[in-house]
Amino acid sequence: MTEAMTASTPLAFARGLVAHLEHLCPIRATEAAITEAKKFLRARRDLRNEPSDRKGYEYVVEILLRQEITEYAEDILRVPARESHRQIYSSHFHTTSDEPKLWRTRWRQFRESHPAVDTDDDGHSRRADLFICLGKVGLVSVEFKYLRPTARPAMHTCVRQIRQHLTRHRACVLVLYAATPVSARLERAVGEIRDGLRGCNGFVVVMTGPPIEFP
């Protein structure tokens, strides 16, 4: 384990990532950025010949932030970009830049190297969206959610899902993208989620911006 990994515990890393995202989110959530993210997603779907009417709200949110999260983790953990996929990788083909065959290979290798990726939920395998490996210390995971304008997050579902990840991950960050206009109850709901995650290494980041719309 490198000195950088030892110095960055899952709790410290997650807190640092949350602070980084809270500063970054207002910058990234623009109409232009959303348009580019949707184009990227459409190109990824085309590689798999997926229907043109298929949506992907959470994919767009992940695409908006994935590069910055990856670069942040590379810097903190001192991971060379060429080796990044071994320690920082997504469970979603649609949010990476890898060709289909390469993504399948890299995702299989990541899961084999870090079996804690998959968690058991009453006999069903569940996994988060994005993973950062802190060496032998374990995994920090990131989950992305999208809220339509004026919508309120499903508090119990969010808490249950993050706690499920934390059965095997050392920390987990939930990124909630709330499209404007935001619900008047959003702040209260986020507070309830944070209360539900009290006592565990679960964190919430709220990102607000233009709605993500599909034809």
# chains A, B, ... in the order shown; residues from 1 in each chain; ligands from 1

call {"tool": "residues_around", "arguments": {"residues": "Ile34 of chain A", "least_positions_apart": "5", "cutoff": "12 Å", "atoms": "only C-alpha atoms", "output": "PyMOL selection string"}}
result
chain A and resi 27-29+39-41+57-65+177+179+209-214

call {"tool": "select_by_dssp", "arguments": {"residues": "chain A", "states": "strand (DSSP E or B)", "output": "ChimeraX atom specification"}}
result
/A:88-90,119-121,124-126,130-133,139-147,171-179,202-209

call {"tool": "write_last_selection", "arguments": {"atoms": "C-alpha atoms", "output": "PDB file, in the first residue's frame"}}
result
ATOM      1  CA  ILE A  88     -11.123   3.951 -10.210  1.00  0.00           C
ATOM      2  CA  TYR A  89     -13.810   2.478 -12.430  1.00  0.00           C
ATOM      3  CA  SER A  90     -17.515   2.571 -13.224  1.00  0.00           C
ATOM      4  CA  THR A 119     -23.242  -6.654  -2.212  1.00  0.00           C
ATOM      5  CA  ASP A 120     -26.005  -9.115  -1.390  1.00  0.00           C
ATOM      6  CA  ASP A 121     -29.526  -7.813  -0.916  1.00  0.00           C
ATOM      7  CA  HIS A 124     -29.882 -10.221  -5.249  1.00  0.00           C
ATOM      8  CA  SER A 125     -26.495  -8.781  -6.208  1.00  0.00           C
ATOM      9  CA  ARG A 126     -26.387  -4.982  -5.941  1.00  0.00           C
ATOM     10  CA  LEU A 130     -18.608   4.341  -9.422  1.00  0.00           C
ATOM     11  CA  PHE A 131     -15.826   2.844  -7.321  1.00  0.00           C
ATOM     12  CA  ILE A 132     -12.541   4.094  -5.904  1.00  0.00           C
ATOM     13  CA  CYS A 133     -10.177   1.540  -4.397  1.00  0.00           C
ATOM     14  CA  LEU A 139     -13.611   0.630  -1.492  1.00  0.00           C
ATOM     15  CA  VAL A 140     -15.304   4.006  -1.531  1.00  0.00           C
ATOM     16  CA  SER A 141     -18.377   3.988  -3.769  1.00  0.00           C
ATOM     17  CA  VAL A 142     -20.448   6.721  -5.390  1.00  0.00           C
ATOM     18  CA  GLU A 143     -24.159   6.532  -6.215  1.00  0.00           C
ATOM     19  CA  PHE A 144     -25.865   9.035  -8.552  1.00  0.00           C
ATOM     20  CA  LYS A 145     -29.559   9.995  -8.427  1.00  0.00           C
ATOM     21  CA  TYR A 146     -31.647  12.391 -10.523  1.00  0.00           C
ATOM     22  CA  LEU A 147     -34.683  14.296  -9.226  1.00  0.00           C
ATOM     23  CA  ALA A 171     -17.617   4.671   2.630  1.00  0.00           C
ATOM     24  CA  CYS A 172     -20.266   5.763   0.129  1.00  0.00           C
ATOM     25  CA  VAL A 173     -21.190   9.145  -1.359  1.00  0.00           C
ATOM     26  CA  LEU A 174     -24.701   9.773  -2.685  1.00  0.00           C
ATOM     27  CA  VAL A 175     -24.866  12.507  -5.336  1.00  0.00           C
ATOM     28  CA  LEU A 176     -28.380  13.917  -5.738  1.00  0.00           C
ATOM     29  CA  TYR A 177     -28.911  16.045  -8.843  1.00  0.00           C
ATOM     30  CA  ALA A 178     -32.070  18.093  -8.248  1.00  0.00           C
ATOM     31  CA  ALA A 179     -33.399  19.754 -11.390  1.00  0.00           C
ATOM     32  CA  GLY A 202     -22.539   7.543   4.204  1.00  0.00           C
ATOM     33  CA  PHE A 203     -22.504  11.071   2.750  1.00  0.00           C
ATOM     34  CA  VAL A 204     -24.836  13.178   0.614  1.00  0.00           C
ATOM     35  CA  VAL A 205     -23.970  15.857  -1.958  1.00  0.00           C
ATOM     36  CA  VAL A 206     -26.763  17.934  -3.519  1.00  0.00           C
ATOM     37  CA  MET A 207     -26.262  19.255  -7.043  1.00  0.00           C
ATOM     38  CA  THR A 208     -28.842  21.605  -8.579  1.00  0.00           C
ATOM     39  CA  GLY A 209     -29.122  22.689 -12.183  1.00  0.00           C
TER      40      GLY A 209
END

call {"tool": "atom_distance", "arguments": {"atom1": "atom CA of Ala128 of chain A", "atom2": "atom CA of Glu71 of chain A"}}
result
19.1 Å

call {"tool": "select_by_dssp", "arguments": {"residues": "segment 11-168 of chain A", "states": "helix (DSSP H, G or I)", "output": "ChimeraX atom specification"}}
result
/A:11-28,31-47,57-77,81-86,93-95,100-113,115-117,135-137,155-165

call {"tool": "residues_around", "arguments": {"residues": "segment 99-107 of chain A", "least_positions_apart": "4", "cutoff": "10 Å", "atoms": "only C-alpha atoms", "output": "list in words"}}
result
Arg44, Leu47, Arg48, His85, Arg86, Tyr89, Ser90, Ser91, His92, Phe93, His94, Arg111, Glu112 and Ser113 of chain A

call {"tool": "atom_distance", "arguments": {"atom1": "atom CA of Ile69 of chain A", "atom2": "atom CA of Leu134 of chain A"}}
result
14.1 Å
